[in-house]
Amino acid sequence: MQPAKMWRRRWRRSVVEVHSPAVIPAISVDDVWARLKSDSGSVLIDVRTIAEWAYVGLPDLSSIGKRPVLVEWQGFS
């Protein structure tokens with residue numbers, strides 16, 4: 001097999017592994033809240049759309065002195 005083809009195969013496989021749901025564990029709301037409270041370097045990244053932030057609202061982290069990081073995952077024009 002040619003080296004370029006081997007590299008592409010490895011690259012594709014690693015991309016699939018990185019984006020596999022098995023790599024990102026499910027975390028309960030209670031665990032997230034505990035981590036946000038106990039770890040000063042932890043952040044909550046809210047990846048919903050601007051419309052969702054406006055309709056549903058933003059997470060209130062003021063009681064622990066933090067604010068969510070807002071990163072819109074998909075914009076609508």
# chains A, B, ... in the order shown; residues from 1 in each chain; ligands from 1
>>> residues_around(residues="A:Leu58", least_positions_apart="4", cutoff="12 Å", atoms="only C-alpha atoms", output="JSON, numbers by chain")
{"A": [44, 45, 46, 47, 48, 49, 50, 51, 52, 53, 54, 62, 67, 68, 69, 70]}
>>> write_last_selection(atoms="N, CA and C atoms", output="PDB file, in the first residue's frame")
ATOM      1  N   LEU A  44     -18.870  26.031  31.749  1.00  0.00           N
ATOM      2  CA  LEU A  44     -20.018  25.435  31.075  1.00  0.00           C
ATOM      3  C   LEU A  44     -20.112  26.076  29.697  1.00  0.00           C
ATOM      4  N   ILE A  45     -20.000  25.260  28.663  1.00  0.00           N
ATOM      5  CA  ILE A  45     -20.081  25.760  27.289  1.00  0.00           C
ATOM      6  C   ILE A  45     -21.462  25.429  26.752  1.00  0.00           C
ATOM      7  N   ASP A  46     -22.242  26.461  26.473  1.00  0.00           N
ATOM      8  CA  ASP A  46     -23.604  26.307  25.962  1.00  0.00           C
ATOM      9  C   ASP A  46     -23.548  26.441  24.440  1.00  0.00           C
ATOM     10  N   VAL A  47     -23.826  25.358  23.731  1.00  0.00           N
ATOM     11  CA  VAL A  47     -23.671  25.336  22.274  1.00  0.00           C
ATOM     12  C   VAL A  47     -24.997  25.401  21.528  1.00  0.00           C
ATOM     13  N   ARG A  48     -26.020  25.884  22.185  1.00  0.00           N
ATOM     14  CA  ARG A  48     -27.308  26.028  21.503  1.00  0.00           C
ATOM     15  C   ARG A  48     -27.265  27.235  20.562  1.00  0.00           C
ATOM     16  N   THR A  49     -28.367  27.460  19.872  1.00  0.00           N
ATOM     17  CA  THR A  49     -28.441  28.600  18.947  1.00  0.00           C
ATOM     18  C   THR A  49     -28.878  29.862  19.686  1.00  0.00           C
ATOM     19  N   ILE A  50     -28.699  31.006  19.053  1.00  0.00           N
ATOM     20  CA  ILE A  50     -29.140  32.282  19.625  1.00  0.00           C
ATOM     21  C   ILE A  50     -30.643  32.235  19.889  1.00  0.00           C
ATOM     22  N   ALA A  51     -31.390  31.638  18.975  1.00  0.00           N
ATOM     23  CA  ALA A  51     -32.843  31.529  19.163  1.00  0.00           C
ATOM     24  C   ALA A  51     -33.174  30.728  20.420  1.00  0.00           C
ATOM     25  N   GLU A  52     -32.457  29.661  20.653  1.00  0.00           N
ATOM     26  CA  GLU A  52     -32.699  28.857  21.859  1.00  0.00           C
ATOM     27  C   GLU A  52     -32.332  29.635  23.114  1.00  0.00           C
ATOM     28  N   TRP A  53     -31.227  30.374  23.074  1.00  0.00           N
ATOM     29  CA  TRP A  53     -30.850  31.185  24.240  1.00  0.00           C
ATOM     30  C   TRP A  53     -31.943  32.215  24.537  1.00  0.00           C
ATOM     31  N   ALA A  54     -32.486  32.815  23.466  1.00  0.00           N
ATOM     32  CA  ALA A  54     -33.513  33.846  23.649  1.00  0.00           C
ATOM     33  C   ALA A  54     -34.824  33.240  24.154  1.00  0.00           C
ATOM     34  N   SER A  62     -24.705  32.339  38.493  1.00  0.00           N
ATOM     35  CA  SER A  62     -24.302  33.468  39.347  1.00  0.00           C
ATOM     36  C   SER A  62     -24.056  33.044  40.796  1.00  0.00           C
ATOM     37  N   ARG A  67     -20.120  32.453  34.610  1.00  0.00           N
ATOM     38  CA  ARG A  67     -21.034  32.709  33.498  1.00  0.00           C
ATOM     39  C   ARG A  67     -20.793  31.641  32.444  1.00  0.00           C
ATOM     40  N   PRO A  68     -21.847  31.218  31.739  1.00  0.00           N
ATOM     41  CA  PRO A  68     -21.636  30.208  30.689  1.00  0.00           C
ATOM     42  C   PRO A  68     -20.883  30.821  29.504  1.00  0.00           C
ATOM     43  N   VAL A  69     -20.134  29.985  28.824  1.00  0.00           N
ATOM     44  CA  VAL A  69     -19.478  30.383  27.582  1.00  0.00           C
ATOM     45  C   VAL A  69     -20.455  30.044  26.460  1.00  0.00           C
ATOM     46  N   LEU A  70     -20.824  31.038  25.667  1.00  0.00           N
ATOM     47  CA  LEU A  70     -21.822  30.836  24.612  1.00  0.00           C
ATOM     48  C   LEU A  70     -21.129  30.653  23.266  1.00  0.00           C
TER      49      LEU A  70
END
>>> residues_around(residues="A:Ala34", least_positions_apart="5", cutoff="12 Å", atoms="only C-alpha atoms", output="PDB file with C-alpha atoms, in the first residue's frame")
ATOM      1  CA  ILE A  27     -22.575  13.315  32.615  1.00  0.00           C
ATOM      2  CA  SER A  28     -25.502  13.988  34.904  1.00  0.00           C
ATOM      3  CA  VAL A  29     -26.641  17.515  35.687  1.00  0.00           C
ATOM      4  CA  ASP A  39     -13.179  23.275  40.127  1.00  0.00           C
ATOM      5  CA  SER A  40     -12.349  26.944  39.621  1.00  0.00           C
ATOM      6  CA  SER A  42     -14.227  24.479  34.921  1.00  0.00           C
ATOM      7  CA  VAL A  43     -16.579  26.184  32.474  1.00  0.00           C
ATOM      8  CA  LEU A  44     -20.018  25.435  31.075  1.00  0.00           C
ATOM      9  CA  LEU A  61     -24.348  30.256  37.301  1.00  0.00           C
ATOM     10  CA  ILE A  64     -21.099  30.113  41.995  1.00  0.00           C
TER      11      ILE A  64
END
